[in-house]
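Engineer: Please read through the structure below; I'll follow up with questions.
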Amino acid sequence: MFKDRIFPIIVFIFLLILIQTFTIFNFQFFETRFYKTLSENNIYKKRIVPAVRGNIITSDSVTIATSRKYFTIYADIKRLDIDAENILKISQILDIEPESLNFLIGDALKNKENEICLKNNLDIKTVSYFEENKNKFPEFEIRFQPKRFYPFNELYSHITGYVGRITGDEYVELKMKGYSIDDFVGKTGVEKFYEEFLKGRNGIEYYEVDVYGNIVRQVEQKNSVKKINGNDVYISVNHKIEVYIDSLFNGFKSGCAVALNVKDGSVVAFYSKPSFDPNIFLLGLRKEQWDYLRNDILSPFLNRCTNGLYPPGSVFKIVTFLSGLNEGKADSNTFFQPCFGGIIIANKMYKCWNVHNELNLFDAFVRSCDVYFYQLGIKVGLDGIYKTAYELGFGELTGIDINEESRGLIPDSKFMNKKYGKNMWGVGQVANVSIGQGDILVTPIQVANLLVALSNSGKFLKPQIVDSIKSKKNDIIYRKKVTFTKEIKIKKEFINLLRKAMYDVVNSPDGTGTLARIDRKYGFLSGKTGTAENSAGEPHAWFASIYTGIDGEDELAIVVIIENGGHGGNDPAFITKKIVEKYVKIKYGF
């Protein structure tokens, strides 16, 4: 009986001892790493060491985007009092909007970050205030860190683009690549397109801290990481030419100029006005500043070279000219109804800018006779013009190495039926499209790229801003390749005839672009003027041209637009002449 009672007691005691033994063993062996990690987190502080972003450098070795060291202020999220009253106080000291401060803190909490950078580019007064009041603000730390700097302010903003603080969505995507929540990333331009080369890799350092969270010393940890600074990006744009173009645009509110090397598609000049200072996104942009810039009627954020959508005006006669030849509707000696200053189409008068009398196709192009091209376009038909326009690169992206590019719009009969209704449009709209008006929009880079193709017997090249990328050890990581994208399916004899007509536009007495004529010792220009009607004011003025050098070889395709600038044969033609003269002087030392 006694034995029956004692046995369960012995079993119970044995199980109790077994459980205690297992618990001790578990703490000693299995959970050592866990509690060691907790302990290390209490005495060690991880710090991200930001990589220095690579420079952006012009073809003549001028640095247009670099990094400078600024005072920045960081907050320890765990120690930060996020009471509304304290947030308001901090926002006033740092001159930050409370909403922005709350957004930064909220982002850090959501991503379980231990610290957050609240502001870059602190002035000495603010730095001194926090240093003198360390005991009042133990949760804050001032650091001296690299941030982006654009030494030429507005001049290159549509090339470089700008960097801005990483967003929550970007952080989720880039966190695995070593980005921190305080990083700045490329938002537009070269900065965005070549982000992976420019960024580098952040480092990780560890510091021993006391019970109050104050840093005692740096310590070596096995998961420390050395930072790797970003690579330098070299662009093909020439600084001297870019500065000179900027001076030529003095007195004009808006416009653009782009020049491409016809041999390899490299961008020699890329200018858009007005512009903006990309430094503002690094120094703390207030809401009212952003609203002012965003709502500016002149649209300083619009990259007019690639995103500017314009009716091409008479520049589009290049398309109608080739379309007429290619569709067999005209040859160089084809005559239509004479130009007496206008023509009746569908019971409506369609005017010409001058009285040209009787002209053939060649002379009509040289003198830019609207009446002739109205008739030619109607003869070809809207879909025939559409077909040739797409063949010549319109309605498509050029593939230039920045993200901001528009396709434009080339209307066909399907588009017109959808917009106006079937049988609700006719030859009047076709006439308008024939001279680059009406429902048609193109970008300057598309026109420049077409000129490159005309210089290469119909072969299109992909325009490229970046020439090469080098590491800090000067190793070449990337070098651009000449990329042929497609070939125009139009007879070479038609292209040659067009080129002769473009030559006469500038170099014959009757041409509309004589202000672009240069001294023959420099070579010569061929081109086409354009005056695009604009419902918002004066016409936009175009001049599209090809520069042929001293040795008789084509060198540059140049497009200049002055918004509300009147006739393309005036200021844009003259500006083109001055750009070429500057280019020649730089190249040959004249």
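All residue names refer to the structure tokens as shown: chains lettered A, B, ... in order, residues numbered from 1 in each chain, ligands numbered from 1 in order.
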Just the residues within 10 Å of Thr531 of chain A, please, counting only C-alpha atoms, with nothing from its chain fewer than 2 positions along; format it as a ChimeraX atom specification.

Structural biologist: /A:311-315,353,435-437,529,533-534,538-543,561,564-569

Engineer: Tell me, as an MDAnalysis selection string, which residues lie within 7 Å of Thr548 of chain A, counting only C-alpha atoms; anything in the same chain fewer than 4 positions away does not count.

Structural biologist: chainID A and resid 523:525 552:555

Engineer: Kindly give the distance, in Å, that separates atom CA of Val216 of chain A and atom CA of Ile43 of chain A, rounded to a single decimal.

Structural biologist: 9.7 Å

Engineer: Using only C-alpha atoms, pick whichever of A:Lys45, A:Leu556, A:Ser67, A:Thr483 has the shortest atom-to-atom distance to Val219 of chain A.

Structural biologist: A:Lys45
